[in-house]
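Shown next: coords_30.cif, containing mmCIF, C-alpha atoms.
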data_start
loop_
_atom_site.label_atom_id
_atom_site.label_comp_id
_atom_site.auth_asym_id
_atom_site.auth_seq_id
_atom_site.Cartn_x
_atom_site.Cartn_y
_atom_site.Cartn_z
CA MET Q 1 -2.12 16.23 -19.51
CA LEU Q 2 1.32 14.65 -19.19
CA GLU Q 3 2.03 10.97 -19.86
CA ILE Q 4 5.60 9.68 -19.67
CA SER Q 5 7.04 6.17 -19.60
CA ARG Q 6 10.62 5.25 -18.69
CA LEU Q 7 11.72 8.83 -19.17
CA ARG Q 8 13.72 10.65 -16.52
CA LEU Q 9 11.89 13.61 -15.08
CA LYS Q 10 14.85 15.96 -15.51
CA SER Q 11 14.51 15.62 -19.29
CA VAL Q 12 10.89 16.84 -19.29
CA VAL Q 13 10.64 20.56 -20.06
CA ILE Q 14 7.10 21.91 -19.83
CA GLU Q 15 5.09 24.59 -18.04
CA TRP Q 16 4.50 22.70 -14.79
CA ASN Q 17 2.28 25.28 -13.10
CA ASN Q 18 -0.59 24.58 -15.51
CA LEU Q 19 -0.41 20.79 -15.31
CA THR Q 20 -3.51 19.08 -13.86
CA HIS Q 21 -3.41 15.43 -15.05
CA VAL Q 22 -0.31 13.21 -14.84
CA LYS Q 23 0.36 9.56 -15.64
CA THR Q 24 3.87 8.17 -15.28
CA ILE Q 25 5.51 4.77 -15.58
CA HIS Q 26 8.88 3.91 -14.03
CA LEU Q 27 9.65 7.03 -12.00
CA HIS Q 28 11.98 6.80 -9.02
CA ILE Q 29 10.73 7.78 -5.57
CA ASP Q 30 12.72 11.02 -5.55
CA GLU Q 31 11.27 11.90 -8.97
CA CYS Q 32 7.75 11.39 -7.60
CA TRP Q 33 8.47 13.93 -4.87
CA GLU Q 34 9.92 16.31 -7.45
CA LEU Q 35 6.80 15.90 -9.59
CA PHE Q 36 4.61 16.84 -6.63
CA ARG Q 37 6.81 19.87 -6.03
CA ARG Q 38 6.80 21.05 -9.65
CA ALA Q 39 3.08 20.63 -10.35
CA PRO Q 40 1.15 22.36 -7.56
CA ARG Q 41 -2.16 22.34 -9.48
CA MET Q 42 -2.42 18.61 -10.12
CA THR Q 43 -5.90 17.16 -9.71
CA HIS Q 44 -5.27 13.62 -11.03
CA CYS Q 45 -2.04 11.69 -10.55
CA LEU Q 46 -1.28 8.06 -11.51
CA LEU Q 47 2.21 6.77 -10.71
CA GLU Q 48 2.87 3.24 -11.99
CA ASP Q 49 5.95 1.09 -11.56
CA ILE Q 50 7.50 3.34 -8.88
CA ARG Q 51 11.17 2.45 -8.42
CA GLU Q 52 13.84 2.86 -5.76
CA SER Q 53 15.83 6.08 -6.11
CA GLN Q 54 19.29 5.87 -7.65
CA LEU Q 55 21.97 6.97 -5.22
CA HIS Q 56 24.16 8.61 -7.86
CA ASP Q 57 21.48 10.77 -9.46
CA GLN Q 58 18.73 11.96 -7.14
CA PHE Q 59 16.54 14.99 -6.74
CA PRO Q 60 16.89 16.38 -3.21
CA MET Q 61 14.16 15.19 -0.85
CA PRO Q 62 11.82 18.01 0.28
CA ARG Q 63 12.73 19.73 3.53
CA THR Q 64 9.20 21.01 4.11
CA PRO Q 65 5.80 19.38 3.42
CA ILE Q 66 4.55 19.61 -0.16
CA LEU Q 67 1.05 21.07 -0.34
CA HIS Q 68 -1.50 19.81 -2.86
CA PRO Q 69 -4.92 21.20 -1.90
CA THR Q 70 -6.38 20.56 -5.39
CA LEU Q 71 -5.42 16.88 -5.70
CA GLN Q 72 -8.56 14.73 -6.12
CA VAL Q 73 -7.29 11.40 -7.49
CA LEU Q 74 -4.06 9.68 -6.45
CA GLU Q 75 -3.08 6.18 -7.61
CA LEU Q 76 0.22 4.60 -6.57
CA VAL Q 77 1.53 1.35 -8.08
CA PRO Q 78 5.07 0.52 -6.90
CA ALA Q 79 7.26 -1.90 -8.84
CA ILE Q 80 7.79 -3.89 -5.63
CA THR Q 81 5.99 -3.85 -2.31
CA TYR Q 82 6.91 -0.77 -0.25
CA ARG Q 83 5.68 0.35 3.10
CA LEU Q 84 3.61 3.49 2.74
CA ASP Q 85 6.19 5.48 4.70
CA LYS Q 86 8.88 4.43 2.20
CA LEU Q 87 6.93 6.27 -0.49
CA PHE Q 88 5.91 9.29 1.55
CA LEU Q 89 8.47 9.85 4.29
CA ASP Q 90 11.52 12.05 3.85
CA ASN Q 91 13.45 13.16 6.92
CA THR Q 92 10.55 13.80 9.28
CA PRO Q 93 7.83 11.41 10.45
CA GLN Q 94 5.19 14.08 9.86
CA SER Q 95 5.84 14.52 6.13
CA ARG Q 96 3.53 11.73 4.91
CA ILE Q 97 0.61 12.87 7.01
CA ALA Q 98 1.26 16.50 6.13
CA PHE Q 99 1.06 15.58 2.43
CA PHE Q 100 -2.31 13.89 2.79
CA ARG Q 101 -3.64 16.56 5.13
CA SER Q 102 -2.86 19.17 2.49
CA SER Q 103 -4.91 17.05 0.06
CA CYS Q 104 -8.17 17.46 1.92
CA SER Q 105 -10.05 17.40 -1.41
CA LEU Q 106 -8.73 13.92 -2.26
CA GLN Q 107 -11.72 11.84 -3.39
CA LYS Q 108 -10.11 8.73 -4.91
CA LEU Q 109 -7.09 6.89 -3.56
CA SER Q 110 -5.60 3.69 -4.96
CA LEU Q 111 -2.71 1.93 -3.22
CA LEU Q 112 -1.60 -1.19 -5.06
CA ASP Q 113 1.05 -3.51 -3.65
CA VAL Q 114 1.72 -1.13 -0.76
CA LYS Q 115 2.25 -2.39 2.77
CA LEU Q 116 0.12 -0.72 5.47
CA ASP Q 117 -0.27 -1.22 9.18
CA ASP Q 118 -3.21 -0.29 11.41
CA THR Q 119 -1.75 3.13 12.20
CA ASP Q 120 -1.40 3.94 8.50
CA LEU Q 121 -5.04 3.06 7.89
CA VAL Q 122 -6.31 5.17 10.77
CA ASP Q 123 -4.08 8.07 9.71
CA LEU Q 124 -5.38 7.86 6.15
CA SER Q 125 -8.99 7.93 7.32
CA ARG Q 126 -8.28 10.91 9.55
CA VAL Q 127 -6.52 13.09 6.98
CA THR Q 128 -8.67 12.31 3.91
CA PRO Q 129 -12.14 13.27 5.18
CA GLU Q 130 -13.56 13.78 1.66
CA LEU Q 131 -12.42 10.40 0.30
CA ARG Q 132 -15.19 8.72 -1.70
CA HIS Q 133 -13.44 5.80 -3.40
CA LEU Q 134 -10.69 3.61 -1.95
CA LYS Q 135 -8.86 0.80 -3.72
CA LEU Q 136 -6.38 -1.37 -1.84
CA GLU Q 137 -4.33 -4.35 -3.01
CA LEU Q 138 -2.52 -5.49 0.10
CA TYR Q 139 -1.39 -9.10 -0.18
CA GLU Q 140 1.74 -8.43 1.88
CA CYS Q 141 -0.31 -7.17 4.84
CA GLY Q 142 -1.62 -10.63 5.65
CA ALA Q 143 -4.88 -12.11 6.86
CA ASP Q 144 -4.79 -10.46 10.30
CA PHE Q 145 -4.75 -7.00 8.72
CA THR Q 146 -7.77 -7.91 6.58
CA LYS Q 147 -9.67 -9.03 9.66
CA ARG Q 148 -8.80 -5.90 11.68
CA MET Q 149 -9.70 -3.60 8.80
CA PHE Q 150 -13.20 -5.05 8.36
CA ARG Q 151 -13.71 -5.15 12.11
CA ARG Q 152 -13.01 -1.42 12.22
CA PHE Q 153 -15.56 -0.85 9.45
CA SER Q 154 -18.15 -2.86 11.39
CA GLU Q 155 -17.39 -0.84 14.54
CA THR Q 156 -18.00 2.31 12.53
CA PHE Q 157 -21.56 1.19 11.80
CA ASN Q 158 -22.19 -0.23 15.25
CA VAL Q 159 -21.27 2.90 17.15
CA SER Q 160 -22.53 4.05 20.53
CA GLY Q 161 -21.36 6.04 23.52
CA HIS Q 162 -17.58 6.37 23.83
CA ASP Q 163 -17.09 5.00 20.28
CA ALA Q 164 -18.73 8.06 18.70
CA GLU Q 165 -15.39 9.46 17.55
CA ILE Q 166 -14.82 6.43 15.30
CA GLN Q 167 -18.13 7.08 13.58
CA GLN Q 168 -17.01 10.61 12.71
CA THR Q 169 -13.48 9.88 11.54
CA PHE Q 170 -13.15 6.48 9.84
CA PHE Q 171 -13.61 7.32 6.14
CA PRO Q 172 -16.89 9.13 6.83
CA GLN Q 173 -17.66 9.89 3.15
CA LEU Q 174 -16.58 6.55 1.66
CA GLN Q 175 -18.94 5.32 -1.06
CA SER Q 176 -17.02 2.42 -2.57
CA MET Q 177 -14.10 0.21 -1.62
CA ALA Q 178 -12.28 -2.37 -3.73
CA PHE Q 179 -10.01 -4.63 -1.74
CA GLN Q 180 -7.71 -7.47 -2.70
CA GLY Q 181 -5.84 -9.28 0.01
CA THR Q 182 -5.60 -12.45 2.05
CA MET Q 183 -8.77 -13.98 3.48
CA PRO Q 184 -8.40 -14.93 7.17
CA PRO Q 185 -8.55 -18.70 7.64
CA ASP Q 186 -11.17 -18.42 10.39
CA TRP Q 187 -13.50 -16.61 7.98
CA LYS Q 188 -13.90 -19.86 6.07
CA ALA Q 189 -16.68 -21.97 7.44
CA PRO Q 190 -15.87 -25.55 8.54
CA TYR Q 191 -17.79 -27.10 5.64
CA CYS Q 192 -16.76 -28.94 2.51
CA ASP Q 193 -17.37 -25.84 0.38
CA PRO Q 194 -14.34 -23.50 0.79
CA MET Q 195 -16.35 -20.61 -0.64
CA ILE Q 196 -18.62 -20.29 2.40
CA ILE Q 197 -17.71 -17.52 4.86
CA ASP Q 198 -17.96 -18.21 8.58
CA GLU Q 199 -21.34 -17.01 9.86
CA ASP Q 200 -19.96 -14.62 12.49
CA ALA Q 201 -17.66 -12.98 9.94
CA LEU Q 202 -20.54 -12.81 7.46
CA ARG Q 203 -22.78 -10.99 9.93
CA ARG Q 204 -20.09 -8.35 10.49
CA MET Q 205 -19.81 -7.81 6.74
CA LEU Q 206 -23.57 -7.46 6.42
CA LEU Q 207 -23.40 -4.44 8.71
CA LEU Q 208 -21.97 -2.62 5.69
CA VAL Q 209 -24.84 -3.89 3.54
CA GLU Q 210 -27.42 -2.73 6.07
CA GLN Q 211 -26.01 0.78 5.78
CA GLY Q 212 -26.70 0.82 2.04
CA THR Q 213 -23.29 -0.21 0.73
CA GLU Q 214 -23.15 -2.78 -2.03
CA LEU Q 215 -20.49 -5.29 -0.99
CA ARG Q 216 -19.10 -7.95 -3.31
CA ILE Q 217 -16.56 -10.55 -2.22
CA GLU Q 218 -15.04 -12.47 -5.10
CA ASP Q 219 -12.96 -15.60 -5.20
CA MET Q 220 -10.11 -14.58 -7.50
CA SER Q 221 -9.66 -18.06 -8.96
CA THR Q 222 -13.30 -18.44 -10.04
CA ASP Q 223 -14.72 -14.86 -10.04
CA LYS Q 224 -17.70 -16.21 -8.10
CA ASP Q 225 -19.46 -14.07 -5.50
CA VAL Q 226 -18.49 -15.66 -2.18
CA LEU Q 227 -20.68 -13.28 -0.19
CA GLN Q 228 -23.83 -14.18 -2.11
CA ARG Q 229 -23.11 -17.91 -1.87
CA SER Q 230 -22.66 -17.55 1.88
CA ILE Q 231 -25.89 -15.58 2.29
CA GLU Q 232 -27.78 -18.28 0.40
CA PHE Q 233 -26.12 -21.00 2.47
CA TYR Q 234 -27.18 -19.40 5.75
CA ALA Q 235 -30.57 -18.18 4.44
CA ARG Q 236 -32.44 -20.30 6.93
CA ASP Q 237 -30.79 -18.42 9.83
CA LEU Q 238 -30.36 -14.90 8.45
CA THR Q 239 -33.17 -12.40 8.72
CA LEU Q 240 -34.91 -11.19 5.60
CA GLU Q 241 -33.47 -7.72 6.16
CA GLU Q 242 -29.91 -9.05 6.13
CA SER Q 243 -30.37 -11.10 2.98
CA GLN Q 244 -32.16 -8.45 0.93
CA GLY Q 245 -28.88 -6.62 0.20
CA PRO Q 246 -28.29 -2.93 -0.61
CA THR Q 247 -30.94 -0.39 -1.42
CA SER Q 248 -31.35 1.00 -4.93
CA ASN Q 249 -29.44 4.20 -4.14
CA SER Q 250 -26.41 2.47 -2.66
CA SER Q 251 -22.84 2.87 -3.96
CA PRO Q 252 -20.65 -0.05 -5.03
CA ALA Q 253 -17.96 -1.58 -2.90
CA ALA Q 254 -16.00 -4.72 -3.63
CA LEU Q 255 -13.68 -7.12 -1.91
CA SER Q 256 -11.58 -9.69 -3.68
CA GLU Q 257 -9.78 -12.29 -1.68
CA GLU Q 258 -6.79 -14.48 -2.26
CA PRO Q 259 -7.70 -18.13 -1.96
#
Have the structure of the file written as structure tokens, please.
Amino acid sequence: MLEISRLRLKSVVIEWNNLTHVKTIHLHIDECWELFRRAPRMTHCLLEDIRESQLHDQFPMPRTPILHPTLQVLELVPAITYRLDKLFLDNTPQSRIAFFRSSCSLQKLSLLDVKLDDTDLVDLSRVTPELRHLKLELYECGADFTKRMFRRFSETFNVSGHDAEIQQTFFPQLQSMAFQGTMPPDWKAPYCDPMIIDEDALRRMLLLVEQGTELRIEDMSTDKDVLQRSIEFYARDLTLEESQGPTSNSSPAALSEEP
């Protein structure tokens, strides 16, 4: 295992071919690419405090896609908010997708303070078919992105006819999801309690629960379970099946929202 902090990659002299676990702090983007190139057998990779490359002292960007078929866990924490393509694109638009496609065994992905759009999310779901655990902290993506993302999840579980392809491709093996982002204003019910989710939005979220996924929505300022409070508030209208929650063999998923 290799752990380095605020140390330039060019000063690290080890046998890279045998390296499987890596944790770094304060690498530049070009050094991240060089790390992927040098360590083809990595299974676990945590890159914290990723920085902009320095123009006067860079590793050359890869000319061909870097293959990592053994990578299982990838966690990216930039120092500032980057678009995903800023971290994974070199000279060709296909390089980011080629990287993830080569990582078909990827089971855990964490993207913190990374900016995604709808296309990025669909691409990620398509090229990481074995992904089990997804963690996203996406405050810069805004409330509309949050709404579209959960709508796509609800469509996945409400599939029929021409929508069958979505059922097969949108994170088909996902067992848990932790999400922090901005809560859409129209998800908040028009009541005096700001911690009550609009009933229509709540019913869409409960589609995940009905499929056996434990879903927790927390108010970050109080750590209270907004989902449970909302279920109790609407208990007189919700069916017993909707309010019973996940089954005993379900896997955890969590959503935190920015008030």
Next item on the list: Evaluate the PyMOL selection byres ((chain Q and resi 182) around 10) on the structure here and hand back the selected residues as a count of residues only.
Entry: 21
Margin query: I want to know what sits within 7 Å of segment 133-136 of chain Q, based on all atoms listed in the file, with residues of the same chain fewer than 2 positions away left out; could you give that as a ChimeraX atom specification?
Written below: /Q:107-112,131,138,174-180
Check: Quick one: distance from atom CA of Leu74 of chain Q to atom CA of Cys45 of chain Q in Å, one decimal?
Finding: 5.0 Å
Checklist line | Selection as a list of chain:residue names: residues within 12 Å of (-0.4, 25.1, -16.2), counting all atoms listed in the file | finding: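 Returned residue set, sorted by chain then number, is Q:Met1, Q:Leu2, Q:Ile14, Q:Glu15, Q:Trp16, Q:Asn17, Q:Asn18, Q:Leu19, Q:Thr20, Q:His21, Q:Val22, Q:Arg38, Q:Ala39, Q:Pro40, Q:Arg41, Q:Met42, Q:Thr43.
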Output for the residues just chosen: C-alpha atoms as a PDB file, in the frame of the given file:
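The new file out_7.pdb reads:
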ATOM      1  CA  MET Q   1      -2.120  16.230 -19.510  1.00  0.00           C
ATOM      2  CA  LEU Q   2       1.320  14.650 -19.190  1.00  0.00           C
ATOM      3  CA  ILE Q  14       7.100  21.910 -19.830  1.00  0.00           C
ATOM      4  CA  GLU Q  15       5.090  24.590 -18.040  1.00  0.00           C
ATOM      5  CA  TRP Q  16       4.500  22.700 -14.790  1.00  0.00           C
ATOM      6  CA  ASN Q  17       2.280  25.280 -13.100  1.00  0.00           C
ATOM      7  CA  ASN Q  18      -0.590  24.580 -15.510  1.00  0.00           C
ATOM      8  CA  LEU Q  19      -0.410  20.790 -15.310  1.00  0.00           C
ATOM      9  CA  THR Q  20      -3.510  19.080 -13.860  1.00  0.00           C
ATOM     10  CA  HIS Q  21      -3.410  15.430 -15.050  1.00  0.00           C
ATOM     11  CA  VAL Q  22      -0.310  13.210 -14.840  1.00  0.00           C
ATOM     12  CA  ARG Q  38       6.800  21.050  -9.650  1.00  0.00           C
ATOM     13  CA  ALA Q  39       3.080  20.630 -10.350  1.00  0.00           C
ATOM     14  CA  PRO Q  40       1.150  22.360  -7.560  1.00  0.00           C
ATOM     15  CA  ARG Q  41      -2.160  22.340  -9.480  1.00  0.00           C
ATOM     16  CA  MET Q  42      -2.420  18.610 -10.120  1.00  0.00           C
ATOM     17  CA  THR Q  43      -5.900  17.160  -9.710  1.00  0.00           C
TER      18      THR Q  43
END
Check: Closest to Arg37 of chain Q among Q:Leu55, Q:Met61, Q:Leu206, Q:Ile66, using only C-alpha atoms?
Finding: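 Smallest separation from Arg37 of chain Q among the options: Q:Ile66.
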Item checked: Result set of the PyMOL selection byres ((chain Q and resi 76) around 6) on the coordinates above, as JSON, numbers by chain -> {"Q": [47, 75, 77, 111]}
Next item on the list: Using atom CA of Arg216 of chain Q and atom CA of Lys115 of chain Q as the two end points, give the distance in Å to one decimal.
Entry: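 For atom CA of Arg216 of chain Q relative to atom CA of Lys115 of chain Q, the distance reads 22.9 Å.
Reported to one decimal place, the separation of atom CA of Leu9 of chain Q from atom CA of Asp57 of chain Q is 11.5 Å.
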Next item on the list: May I have the residues at most 7 Å from (3.9, 6.4, -12.0) in the file's coordinates, counting all atoms listed in the file, as a PyMOL selection string?
Entry: chain Q and resi 23-27+46-50+76-77
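When you apply the PyMOL selection byres ((chain Q and resi 105) around 8) to this structure, what comes back is Q:Pro69, Q:Thr70, Q:Leu71, Q:Gln72, Q:Ser103, Q:Cys104, Q:Leu106, Q:Gln107, Q:Thr128, Q:Glu130, Q:Leu131.
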Notebook entry, point to check: With all atoms listed in the file as the basis for distance, which of Q:His44, Q:Arg152, Q:Arg51, Q:His56 is at the shortest distance from His68 of chain Q?
Noted result: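 Smallest distance to His68 of chain Q is found for Q:His44.
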